[in-house]
$ cat coords_8.csv   # CSV, C-alpha atoms
chain,number,residue,atom,x,y,z
W,885,MET,CA,-33.5,5.1,-13.2
W,886,ILE,CA,-30.3,6.0,-14.9
W,887,ASP,CA,-29.9,8.1,-18.1
W,888,LYS,CA,-29.1,6.2,-21.3
W,889,ASP,CA,-25.8,8.1,-21.6
W,890,SER,CA,-24.7,7.3,-18.0
W,891,ILE,CA,-21.1,6.2,-17.4
W,892,LYS,CA,-22.7,3.1,-15.8
W,893,LEU,CA,-23.5,1.8,-19.2
W,894,GLN,CA,-20.1,2.4,-20.9
W,895,ASN,CA,-18.4,-0.8,-19.5
W,896,PRO,CA,-21.2,-3.2,-18.8
W,897,VAL,CA,-19.2,-6.4,-18.1
W,898,TRP,CA,-16.8,-4.5,-15.8
W,899,LEU,CA,-19.7,-2.9,-13.8
W,900,SER,CA,-21.7,-6.1,-13.6
W,901,LEU,CA,-18.7,-8.0,-12.2
W,902,SER,CA,-18.1,-5.1,-9.7
W,903,GLU,CA,-21.7,-5.1,-8.4
W,904,THR,CA,-24.4,-7.7,-8.8
W,905,HIS,CA,-22.2,-10.4,-10.3
W,906,LYS,CA,-19.1,-9.8,-8.3
W,907,LYS,CA,-19.4,-13.4,-6.8
W,908,PHE,CA,-18.6,-14.7,-10.4
W,909,VAL,CA,-15.5,-12.5,-10.9
W,910,ILE,CA,-12.0,-13.8,-11.7
W,911,GLU,CA,-9.4,-11.0,-12.0
W,912,PHE,CA,-6.0,-11.0,-13.7
W,913,ASN,CA,-3.8,-7.9,-13.9
W,914,ASN,CA,-6.7,-5.5,-13.5
W,915,VAL,CA,-8.9,-7.3,-16.1
W,916,LYS,CA,-12.1,-8.7,-14.8
W,917,PHE,CA,-13.5,-12.0,-16.2
W,918,TYR,CA,-16.6,-14.1,-15.5
W,919,HIS,CA,-15.8,-17.5,-14.1
W,920,PRO,CA,-15.6,-19.7,-17.2
W,921,ASP,CA,-18.4,-21.9,-16.1
W,922,ILE,CA,-20.8,-18.9,-15.9
W,923,CYS,CA,-19.9,-16.8,-19.0
W,924,SER,CA,-17.0,-16.3,-21.3
W,925,PHE,CA,-16.9,-12.5,-21.1
W,926,GLY,CA,-14.1,-10.2,-19.8
W,927,ALA,CA,-13.6,-6.5,-19.5
W,928,PHE,CA,-10.8,-4.0,-19.0
W,929,LYS,CA,-10.1,-0.3,-18.5
W,930,ASN,CA,-6.5,-0.1,-19.8
W,931,GLU,CA,-5.5,-1.8,-23.0
W,932,LYS,CA,-2.0,-2.6,-21.8
W,933,ASP,CA,-3.4,-4.7,-18.9
W,934,THR,CA,-5.0,-7.3,-21.2
W,935,PHE,CA,-1.7,-8.6,-22.7
W,936,ASP,CA,-0.8,-10.8,-19.7
W,937,ALA,CA,-4.4,-11.2,-18.4
W,938,LEU,CA,-5.5,-13.0,-21.6
W,939,ASN,CA,-2.7,-15.5,-21.2
W,940,GLU,CA,-3.8,-16.3,-17.7
W,941,TYR,CA,-7.5,-16.6,-18.5
W,942,ALA,CA,-6.7,-18.8,-21.5
W,943,LYS,CA,-5.4,-21.4,-19.1
W,944,LEU,CA,-9.0,-21.7,-17.9
W,945,LYS,CA,-11.0,-21.2,-21.1
W,946,ASP,CA,-9.9,-22.0,-24.7
W,947,SER,CA,-12.0,-19.3,-26.3
W,948,PHE,CA,-13.6,-16.1,-24.8
W,949,PHE,CA,-14.6,-12.5,-25.4
W,950,LEU,CA,-13.4,-9.1,-24.2
W,951,VAL,CA,-16.1,-6.5,-24.4
W,952,SER,CA,-15.4,-2.8,-25.0
W,953,GLU,CA,-17.1,0.2,-26.3
W,954,ASN,CA,-14.1,1.7,-28.1
W,955,LYS,CA,-10.8,0.3,-26.8
W,956,THR,CA,-8.6,-2.2,-28.5
W,957,PRO,CA,-7.1,-4.9,-26.2
W,958,THR,CA,-3.5,-6.0,-26.6
W,959,PHE,CA,-2.6,-9.7,-26.6
W,960,ASP,CA,0.3,-12.0,-26.9
W,961,LYS,CA,0.3,-13.3,-30.5
W,962,ASN,CA,2.6,-16.2,-29.5
W,963,TYR,CA,-0.1,-17.7,-27.3
W,964,ILE,CA,-3.4,-16.0,-28.2
W,965,ALA,CA,-5.2,-15.5,-31.5
W,966,LEU,CA,-8.0,-13.1,-32.4
W,967,SER,CA,-10.7,-15.1,-34.1
W,968,LYS,CA,-12.8,-12.1,-35.0
W,969,LYS,CA,-14.1,-8.7,-33.8
W,970,ILE,CA,-17.9,-8.6,-33.6
W,971,GLU,CA,-19.1,-5.1,-34.0
W,972,GLY,CA,-22.2,-4.6,-31.9
W,973,VAL,CA,-24.4,-2.0,-30.4
W,974,GLN,CA,-25.9,-1.3,-27.0
W,975,MET,CA,-29.6,-0.6,-26.8
W,976,VAL,CA,-31.4,1.0,-23.8
W,977,LEU,CA,-35.1,1.2,-23.1
W,978,ASN,CA,-36.5,4.7,-23.6
W,979,GLN,CA,-40.2,3.9,-22.9
W,980,LEU,CA,-41.8,0.5,-23.2
W,981,ILE,CA,-44.3,0.2,-26.1
W,982,ASP,CA,-46.5,-2.4,-24.6
W,983,ILE,CA,-48.2,-5.2,-26.6
W,984,PRO,CA,-50.9,-7.7,-25.4
W,985,LEU,CA,-49.4,-11.1,-24.5
W,986,THR,CA,-51.3,-13.9,-26.2
W,987,GLU,CA,-48.9,-16.7,-25.1
W,988,GLU,CA,-48.3,-18.2,-21.7
W,989,VAL,CA,-44.9,-17.1,-20.5
W,990,ILE,CA,-43.4,-19.5,-18.0
W,991,PRO,CA,-40.7,-18.7,-15.5
W,992,LEU,CA,-37.9,-21.3,-16.0
W,993,THR,CA,-36.6,-23.2,-13.0
W,994,ASP,CA,-33.3,-25.1,-12.9
W,995,LYS,CA,-35.0,-28.2,-14.1
W,996,TYR,CA,-35.0,-26.6,-17.6
W,997,ILE,CA,-31.2,-25.8,-17.6
W,998,ASN,CA,-30.5,-28.4,-20.3
W,999,ASP,CA,-33.5,-27.3,-22.4
W,1000,ILE,CA,-32.4,-23.7,-22.3
W,1001,TYR,CA,-28.8,-24.7,-23.2
W,1002,ASP,CA,-29.8,-26.9,-26.1
W,1003,LEU,CA,-32.2,-24.2,-27.6
W,1004,VAL,CA,-29.7,-21.4,-27.3
W,1005,TRP,CA,-26.8,-23.4,-28.8
W,1006,LEU,CA,-29.1,-24.6,-31.6
W,1007,VAL,CA,-29.8,-21.0,-32.7
W,1008,MET,CA,-26.9,-18.9,-31.3
W,1009,PRO,CA,-23.9,-21.1,-30.3
W,1010,GLY,CA,-20.9,-19.7,-28.4
W,1011,TYR,CA,-22.4,-17.2,-26.1
W,1012,TYR,CA,-24.1,-19.4,-23.4
W,1013,GLU,CA,-22.8,-21.8,-20.8
W,1014,LYS,CA,-25.1,-24.1,-18.8
W,1015,ARG,CA,-24.4,-22.1,-15.6
W,1016,SER,CA,-25.3,-18.9,-17.4
W,1017,PHE,CA,-28.7,-19.7,-15.9
W,1018,GLU,CA,-27.4,-18.4,-12.6
W,1019,MET,CA,-26.9,-14.9,-14.0
W,1020,GLY,CA,-30.6,-13.9,-13.8
W,1021,ASP,CA,-34.2,-14.9,-14.4
W,1022,PHE,CA,-35.2,-16.8,-17.6
W,1023,PHE,CA,-38.6,-17.1,-19.2
W,1024,GLY,CA,-39.9,-19.4,-21.9
W,1025,ILE,CA,-42.8,-20.4,-24.1
W,1026,PHE,CA,-43.7,-24.0,-24.7
W,1027,LYS,CA,-45.5,-25.7,-27.6
W,1028,GLU,CA,-46.4,-29.4,-27.4
W,1029,ASN,CA,-44.6,-29.7,-24.1
W,1030,LYS,CA,-41.4,-28.4,-25.7
W,1031,LEU,CA,-39.4,-25.2,-25.0
W,1032,VAL,CA,-39.5,-23.3,-28.2
W,1033,ALA,CA,-38.6,-19.7,-27.2
W,1034,VAL,CA,-36.6,-18.3,-24.4
W,1035,THR,CA,-35.4,-15.0,-23.1
W,1036,GLY,CA,-33.2,-14.4,-20.0
W,1037,GLN,CA,-31.3,-11.9,-18.0
W,1038,ARG,CA,-27.5,-11.8,-18.3
W,1039,MET,CA,-25.3,-8.9,-17.0
W,1040,GLN,CA,-26.7,-7.0,-14.1
W,1041,CYS,CA,-25.7,-4.1,-11.8
W,1042,ASN,CA,-27.5,-2.0,-9.2
W,1043,ASP,CA,-29.1,0.2,-11.9
W,1044,TRP,CA,-29.7,-1.9,-15.0
W,1045,THR,CA,-30.2,-5.5,-16.2
W,1046,GLU,CA,-29.4,-6.9,-19.6
W,1047,ILE,CA,-31.9,-8.8,-21.6
W,1048,SER,CA,-30.2,-11.7,-23.5
W,1049,ALA,CA,-30.6,-15.2,-24.9
W,1050,VAL,CA,-33.5,-14.0,-27.1
W,1051,VAL,CA,-33.9,-17.2,-29.0
W,1052,THR,CA,-36.8,-19.0,-30.9
W,1053,HIS,CA,-36.6,-22.5,-32.4
W,1054,PRO,CA,-36.4,-22.2,-36.2
W,1055,ASN,CA,-39.7,-24.1,-36.5
W,1056,TYR,CA,-41.5,-21.5,-34.5
W,1057,THR,CA,-40.3,-18.2,-35.8
W,1058,LYS,CA,-42.5,-15.4,-37.2
W,1059,ARG,CA,-45.1,-16.0,-34.6
W,1060,GLY,CA,-44.2,-13.1,-32.3
W,1061,LEU,CA,-42.9,-15.3,-29.5
W,1062,ALA,CA,-39.6,-13.4,-29.1
W,1063,LYS,CA,-41.5,-10.1,-29.0
W,1064,GLN,CA,-43.7,-11.3,-26.2
W,1065,LEU,CA,-40.8,-12.7,-24.2
W,1066,VAL,CA,-38.9,-9.4,-24.5
W,1067,VAL,CA,-41.9,-7.4,-23.3
W,1068,HIS,CA,-42.4,-9.8,-20.4
W,1069,THR,CA,-38.7,-9.7,-19.4
W,1070,THR,CA,-38.6,-5.9,-19.7
W,1071,LYS,CA,-41.6,-5.6,-17.4
W,1072,GLU,CA,-39.9,-7.8,-14.8
W,1073,ILE,CA,-36.8,-5.6,-14.9
W,1074,LEU,CA,-38.9,-2.4,-14.6
W,1075,LYS,CA,-40.6,-3.9,-11.5
W,1076,GLN,CA,-37.1,-3.9,-9.9
W,1077,ASN,CA,-36.8,-0.1,-10.7
W,1078,LYS,CA,-33.9,-1.0,-13.1
W,1079,VAL,CA,-33.2,0.1,-16.7
W,1080,PRO,CA,-33.5,-2.8,-19.3
W,1081,ILE,CA,-30.7,-2.9,-21.8
W,1082,LEU,CA,-29.6,-5.3,-24.4
W,1083,HIS,CA,-26.7,-5.9,-26.9
W,1084,THR,CA,-26.8,-7.2,-30.4
W,1085,ASP,CA,-24.7,-7.2,-33.6
W,1086,LYS,CA,-24.8,-4.2,-35.9
W,1087,GLY,CA,-27.2,-4.9,-38.7
W,1088,ASN,CA,-29.2,-7.5,-36.9
W,1089,PRO,CA,-32.8,-7.5,-38.2
W,1090,ALA,CA,-33.9,-7.9,-34.6
W,1091,ILE,CA,-32.9,-4.2,-34.0
W,1092,GLY,CA,-36.1,-3.1,-35.7
W,1093,LEU,CA,-38.1,-5.3,-33.3
W,1094,TYR,CA,-36.4,-3.8,-30.3
W,1095,GLU,CA,-36.9,-0.3,-31.5
W,1096,LYS,CA,-40.6,-1.0,-32.0
W,1097,LEU,CA,-40.7,-2.0,-28.3
W,1098,GLY,CA,-39.1,1.3,-27.2
W,1099,PHE,CA,-35.4,0.5,-27.1
W,1100,GLU,CA,-32.9,2.9,-28.6
W,1101,ILE,CA,-29.3,2.4,-29.9
W,1102,THR,CA,-27.0,4.4,-27.6
W,1103,ARG,CA,-23.5,3.3,-28.4
W,1104,ASP,CA,-21.2,0.8,-30.0
W,1105,MET,CA,-20.2,-2.2,-28.0
W,1106,ASN,CA,-17.7,-4.6,-29.5
W,1107,TRP,CA,-16.9,-8.2,-28.8
W,1108,TRP,CA,-13.3,-9.3,-29.3
W,1109,TYR,CA,-13.3,-13.0,-29.7
W,1110,PHE,CA,-10.0,-14.7,-28.8
W,1111,HIS,CA,-8.9,-18.3,-28.6
W,1112,LYS,CA,-5.8,-20.0,-27.2
W,1113,LYS,CA,-3.4,-21.2,-29.9
$ encode --input "coords_8.csv" --output "structure tokens"
Amino acid sequence: MIDKDSIKLQNPVWLSLSETHKKFVIEFNNVKFYHPDICSFGAFKNEKDTFDALNEYAKLKDSFFLVSENKTPTFDKNYIALSKKIEGVQMVLNQLIDIPLTEEVIPLTDKYINDIYDLVWLVMPGYYEKRSFEMGDFFGIFKENKLVAVTGQRMQCNDWTEISAVVTHPNYTKRGLAKQLVVHTTKEILKQNKVPILHTDKGNPAIGLYEKLGFEITRDMNWWYFHKK
């Protein structure tokens, strides 16, 4: 298990595309991107490298994110526009505070790809592609034969796995479904002797939930959202 301050957590997209998800990598000018059908994230080490790389990736994807703890990417303002900078945080599990599971948590197979996509885009559009399903394991809770809550695994490396797509249908919130799914997914990651991590926006009310389950904020992690002009 790695320490929460490990260098392995400082550039999560880069490390994920260098290890577990290297089969999904597209690289331009020393900037690593996910294949656009998988995920719209990219990462860099040197700010100057992003200027030309963004132009190349924009030929494949009209809008996308660069993820960085504290560096500011450069970009060609004649071709690329910055839509917004999303200020986020990284959270790392310290020690799981377990809760009893009262709901049946179902591993989601590929037959539920469309259901996952529709639910995530209903609640949190923009971060999820249909082939994001290939990034890791997904779990769900059903009500009346309908998928109403989901949690999955996104970025991964040899030492940690990110919990993501924590989504509940608006008609089924405030029932503790997300909490139970996060606990279940956390346990599945711990079984692999990996550290569970997650990312969220600063000020997100869900941070309090994650803290009650044993996660701690460890660093800033910002999403620079670009689109092709």
$ residues_around --input "coords_8.csv" --residues "range 1082-1089 of chain W" --least-positions-apart "6" --cutoff "7 Å" --atoms "all atoms listed in the file" --output "ChimeraX atom specification"
/W:970-976,1046-1048
$ closest_atom_pairs --input "coords_8.csv" --of "range 986-1035 of chain W" --to "range 919-923 of chain W" --cutoff "10 Å" --atoms "all atoms listed in the file" --output "Markdown table"
| residue | atom | partner | partner_atom | distance |
| --- | --- | --- | --- | --- |
| W:Gly1010 | CA | W:Cys923 | CA | 9.9 |
| W:Tyr1011 | CA | W:Cys923 | CA | 7.5 |
| W:Tyr1012 | CA | W:Cys923 | CA | 6.6 |
| W:Glu1013 | CA | W:Ile922 | CA | 6.0 |
| W:Lys1014 | CA | W:Ile922 | CA | 7.3 |
| W:Arg1015 | CA | W:Ile922 | CA | 4.8 |
| W:Ser1016 | CA | W:Ile922 | CA | 4.7 |
| W:Phe1017 | CA | W:Ile922 | CA | 7.9 |
| W:Glu1018 | CA | W:Ile922 | CA | 7.4 |
| W:Met1019 | CA | W:Ile922 | CA | 7.5 |
$ atom_distance --input "coords_8.csv" --atom1 "CA of Lys1058 in chain W" --atom2 "CA of Phe1023 in chain W"
18.5 Å
$ closest_residue --input "coords_8.csv" --among "W:Ile1081, W:Leu1006, W:Ala937, W:Met1039" --to "Phe908 in chain W" --atoms "only C-alpha atoms"
W:Met1039
$ closest_residue --input "coords_8.csv" --among "W:Val1034, W:Ile983, W:Val989, W:Ala927" --to "Val1050 in chain W" --atoms "all atoms listed in the file"
W:Val1034
$ closest_residue --input "coords_8.csv" --among "W:Tyr1056, W:Phe948, W:Tyr918, W:Trp1044" --to "Leu966 in chain W" --atoms "only C-alpha atoms"
W:Phe948
$ atom_distance --input "coords_8.csv" --atom1 "CA of Gln1037 in chain W" --atom2 "CA of Asn939 in chain W"
29.0 Å
$ residues_around --input "coords_8.csv" --residues "range 950-956 of chain W" --least-positions-apart "3" --cutoff "12 Å" --atoms "all atoms listed in the file" --output "number ranges by chain"
W: 891, 893-899, 915-918, 923-935, 937-938, 941, 947, 959, 966-974, 1083, 1102-1111
$ write_last_selection --input "coords_8.csv" --atoms "C-alpha atoms" --output "PDB file, keeping the file's coordinate frame"
ATOM      1  CA  ILE W 891     -21.100   6.200 -17.400  1.00  0.00           C
ATOM      2  CA  LEU W 893     -23.500   1.800 -19.200  1.00  0.00           C
ATOM      3  CA  GLN W 894     -20.100   2.400 -20.900  1.00  0.00           C
ATOM      4  CA  ASN W 895     -18.400  -0.800 -19.500  1.00  0.00           C
ATOM      5  CA  PRO W 896     -21.200  -3.200 -18.800  1.00  0.00           C
ATOM      6  CA  VAL W 897     -19.200  -6.400 -18.100  1.00  0.00           C
ATOM      7  CA  TRP W 898     -16.800  -4.500 -15.800  1.00  0.00           C
ATOM      8  CA  LEU W 899     -19.700  -2.900 -13.800  1.00  0.00           C
ATOM      9  CA  VAL W 915      -8.900  -7.300 -16.100  1.00  0.00           C
ATOM     10  CA  LYS W 916     -12.100  -8.700 -14.800  1.00  0.00           C
ATOM     11  CA  PHE W 917     -13.500 -12.000 -16.200  1.00  0.00           C
ATOM     12  CA  TYR W 918     -16.600 -14.100 -15.500  1.00  0.00           C
ATOM     13  CA  CYS W 923     -19.900 -16.800 -19.000  1.00  0.00           C
ATOM     14  CA  SER W 924     -17.000 -16.300 -21.300  1.00  0.00           C
ATOM     15  CA  PHE W 925     -16.900 -12.500 -21.100  1.00  0.00           C
ATOM     16  CA  GLY W 926     -14.100 -10.200 -19.800  1.00  0.00           C
ATOM     17  CA  ALA W 927     -13.600  -6.500 -19.500  1.00  0.00           C
ATOM     18  CA  PHE W 928     -10.800  -4.000 -19.000  1.00  0.00           C
ATOM     19  CA  LYS W 929     -10.100  -0.300 -18.500  1.00  0.00           C
ATOM     20  CA  ASN W 930      -6.500  -0.100 -19.800  1.00  0.00           C
ATOM     21  CA  GLU W 931      -5.500  -1.800 -23.000  1.00  0.00           C
ATOM     22  CA  LYS W 932      -2.000  -2.600 -21.800  1.00  0.00           C
ATOM     23  CA  ASP W 933      -3.400  -4.700 -18.900  1.00  0.00           C
ATOM     24  CA  THR W 934      -5.000  -7.300 -21.200  1.00  0.00           C
ATOM     25  CA  PHE W 935      -1.700  -8.600 -22.700  1.00  0.00           C
ATOM     26  CA  ALA W 937      -4.400 -11.200 -18.400  1.00  0.00           C
ATOM     27  CA  LEU W 938      -5.500 -13.000 -21.600  1.00  0.00           C
ATOM     28  CA  TYR W 941      -7.500 -16.600 -18.500  1.00  0.00           C
ATOM     29  CA  SER W 947     -12.000 -19.300 -26.300  1.00  0.00           C
ATOM     30  CA  PHE W 959      -2.600  -9.700 -26.600  1.00  0.00           C
ATOM     31  CA  LEU W 966      -8.000 -13.100 -32.400  1.00  0.00           C
ATOM     32  CA  SER W 967     -10.700 -15.100 -34.100  1.00  0.00           C
ATOM     33  CA  LYS W 968     -12.800 -12.100 -35.000  1.00  0.00           C
ATOM     34  CA  LYS W 969     -14.100  -8.700 -33.800  1.00  0.00           C
ATOM     35  CA  ILE W 970     -17.900  -8.600 -33.600  1.00  0.00           C
ATOM     36  CA  GLU W 971     -19.100  -5.100 -34.000  1.00  0.00           C
ATOM     37  CA  GLY W 972     -22.200  -4.600 -31.900  1.00  0.00           C
ATOM     38  CA  VAL W 973     -24.400  -2.000 -30.400  1.00  0.00           C
ATOM     39  CA  GLN W 974     -25.900  -1.300 -27.000  1.00  0.00           C
ATOM     40  CA  HIS W1083     -26.700  -5.900 -26.900  1.00  0.00           C
ATOM     41  CA  THR W1102     -27.000   4.400 -27.600  1.00  0.00           C
ATOM     42  CA  ARG W1103     -23.500   3.300 -28.400  1.00  0.00           C
ATOM     43  CA  ASP W1104     -21.200   0.800 -30.000  1.00  0.00           C
ATOM     44  CA  MET W1105     -20.200  -2.200 -28.000  1.00  0.00           C
ATOM     45  CA  ASN W1106     -17.700  -4.600 -29.500  1.00  0.00           C
ATOM     46  CA  TRP W1107     -16.900  -8.200 -28.800  1.00  0.00           C
ATOM     47  CA  TRP W1108     -13.300  -9.300 -29.300  1.00  0.00           C
ATOM     48  CA  TYR W1109     -13.300 -13.000 -29.700  1.00  0.00           C
ATOM     49  CA  PHE W1110     -10.000 -14.700 -28.800  1.00  0.00           C
ATOM     50  CA  HIS W1111      -8.900 -18.300 -28.600  1.00  0.00           C
TER      51      HIS W1111
END
$ closest_atom_pairs --input "coords_8.csv" --of "range 921-1018 of chain W" --to "range 1060-1072 of chain W" --cutoff "9 Å" --atoms "only C-alpha atoms" --output "Markdown table"
| residue | atom | partner | partner_atom | distance |
| --- | --- | --- | --- | --- |
| W:Leu977 | CA | W:Thr1070 | CA | 8.6 |
| W:Leu980 | CA | W:Val1067 | CA | 7.9 |
| W:Ile981 | CA | W:Val1067 | CA | 8.4 |
| W:Asp982 | CA | W:Val1067 | CA | 6.9 |
| W:Ile983 | CA | W:Val1067 | CA | 7.4 |
| W:Pro984 | CA | W:Gln1064 | CA | 8.1 |
| W:Leu985 | CA | W:Gln1064 | CA | 6.0 |
| W:Thr986 | CA | W:Gln1064 | CA | 8.0 |
| W:Glu987 | CA | W:Leu1061 | CA | 7.6 |
| W:Val989 | CA | W:Leu1065 | CA | 7.1 |
$ atom_distance --input "coords_8.csv" --atom1 "CA of Leu1097 in chain W" --atom2 "CA of Asn998 in chain W"
29.4 Å
$ closest_residue --input "coords_8.csv" --among "W:Trp1005, W:Ile964, W:Asn1029, W:Asp1043" --to "Glu903 in chain W" --atoms "only C-alpha atoms"
W:Asp1043
$ closest_residue --input "coords_8.csv" --among "W:Gly1020, W:Val1007, W:Asn962, W:Lys1096" --to "Pro1054 in chain W" --atoms "only C-alpha atoms"
W:Val1007
$ closest_residue --input "coords_8.csv" --among "W:Glu940, W:Glu1095, W:Glu911, W:Asp1021" --to "Ile1073 in chain W" --atoms "all atoms listed in the file"
W:Asp1021
$ residues_around --input "coords_8.csv" --residues "Ala1033 in chain W" --least-positions-apart "6" --cutoff "6 Å" --atoms "only C-alpha atoms" --output "ChimeraX atom specification"
/W:1024-1025,1051-1052
$ build_atoms --input "coords_8.csv" --residues "range 1077-1085 of chain W" --atoms "all heavy atoms" --output "tab-separated table (two decimals), in the frame of the given file"
chain	number	residue	atom	x	y	z
W	1077	ASN	N	-37.22	-1.53	-10.59
W	1077	ASN	CA	-36.80	-0.10	-10.70
W	1077	ASN	C	-35.36	-0.08	-11.37
W	1077	ASN	O	-34.53	0.74	-10.98
W	1077	ASN	CB	-36.78	0.58	-9.40
W	1077	ASN	CG	-36.76	2.09	-9.58
W	1077	ASN	OD1	-37.30	2.62	-10.55
W	1077	ASN	ND2	-36.13	2.79	-8.65
W	1078	LYS	N	-35.13	-0.99	-12.34
W	1078	LYS	CA	-33.90	-1.00	-13.10
W	1078	LYS	C	-34.16	-0.68	-14.55
W	1078	LYS	O	-35.28	-0.83	-15.03
W	1078	LYS	CB	-33.17	-2.34	-12.97
W	1078	LYS	CG	-32.64	-2.66	-11.58
W	1078	LYS	CD	-31.80	-3.92	-11.62
W	1078	LYS	CE	-31.19	-4.23	-10.27
W	1078	LYS	NZ	-30.28	-5.41	-10.35
W	1079	VAL	N	-33.11	-0.25	-15.25
W	1079	VAL	CA	-33.20	0.10	-16.70
W	1079	VAL	C	-32.93	-1.20	-17.48
W	1079	VAL	O	-31.86	-1.81	-17.31
W	1079	VAL	CB	-32.22	1.17	-17.06
W	1079	VAL	CG1	-32.23	1.38	-18.57
W	1079	VAL	CG2	-32.54	2.46	-16.32
W	1080	PRO	N	-33.82	-1.63	-18.37
W	1080	PRO	CA	-33.50	-2.80	-19.30
W	1080	PRO	C	-32.61	-2.32	-20.39
W	1080	PRO	O	-32.83	-1.27	-21.02
W	1080	PRO	CB	-34.91	-3.15	-19.80
W	1080	PRO	CG	-35.90	-2.48	-18.90
W	1080	PRO	CD	-35.23	-1.21	-18.44
W	1081	ILE	N	-31.56	-3.09	-20.63
W	1081	ILE	CA	-30.70	-2.90	-21.80
W	1081	ILE	C	-30.49	-4.15	-22.51
W	1081	ILE	O	-30.86	-5.23	-22.02
W	1081	ILE	CB	-29.29	-2.31	-21.30
W	1081	ILE	CG1	-28.45	-3.41	-20.63
W	1081	ILE	CG2	-29.45	-1.12	-20.37
W	1081	ILE	CD1	-27.00	-3.03	-20.40
W	1082	LEU	N	-29.92	-4.08	-23.70
W	1082	LEU	CA	-29.60	-5.30	-24.40
W	1082	LEU	C	-28.43	-4.97	-25.41
W	1082	LEU	O	-28.13	-3.80	-25.68
W	1082	LEU	CB	-30.77	-5.87	-25.16
W	1082	LEU	CG	-31.58	-5.00	-26.11
W	1082	LEU	CD1	-30.97	-5.01	-27.52
W	1082	LEU	CD2	-33.03	-5.48	-26.19
W	1083	HIS	N	-27.81	-6.01	-25.91
W	1083	HIS	CA	-26.70	-5.90	-26.90
W	1083	HIS	C	-26.98	-6.81	-28.06
W	1083	HIS	O	-27.50	-7.91	-27.89
W	1083	HIS	CB	-25.37	-6.23	-26.24
W	1083	HIS	CG	-24.97	-5.34	-25.13
W	1083	HIS	ND1	-25.24	-5.63	-23.80
W	1083	HIS	CD2	-24.35	-4.13	-25.13
W	1083	HIS	CE1	-24.78	-4.65	-23.03
W	1083	HIS	NE2	-24.24	-3.73	-23.80
W	1084	THR	N	-26.60	-6.36	-29.24
W	1084	THR	CA	-26.80	-7.20	-30.40
W	1084	THR	C	-25.78	-6.75	-31.49
W	1084	THR	O	-25.14	-5.69	-31.37
W	1084	THR	CB	-28.21	-7.09	-30.95
W	1084	THR	OG1	-28.41	-8.08	-31.97
W	1084	THR	CG2	-28.52	-5.72	-31.50
W	1085	ASP	N	-25.63	-7.56	-32.52
W	1085	ASP	CA	-24.70	-7.20	-33.60
W	1085	ASP	C	-25.28	-6.05	-34.43
W	1085	ASP	O	-26.49	-5.92	-34.60
W	1085	ASP	CB	-24.56	-8.42	-34.56
W	1085	ASP	CG	-23.96	-9.64	-33.87
W	1085	ASP	OD1	-23.56	-9.52	-32.71
W	1085	ASP	OD2	-23.91	-10.70	-34.52
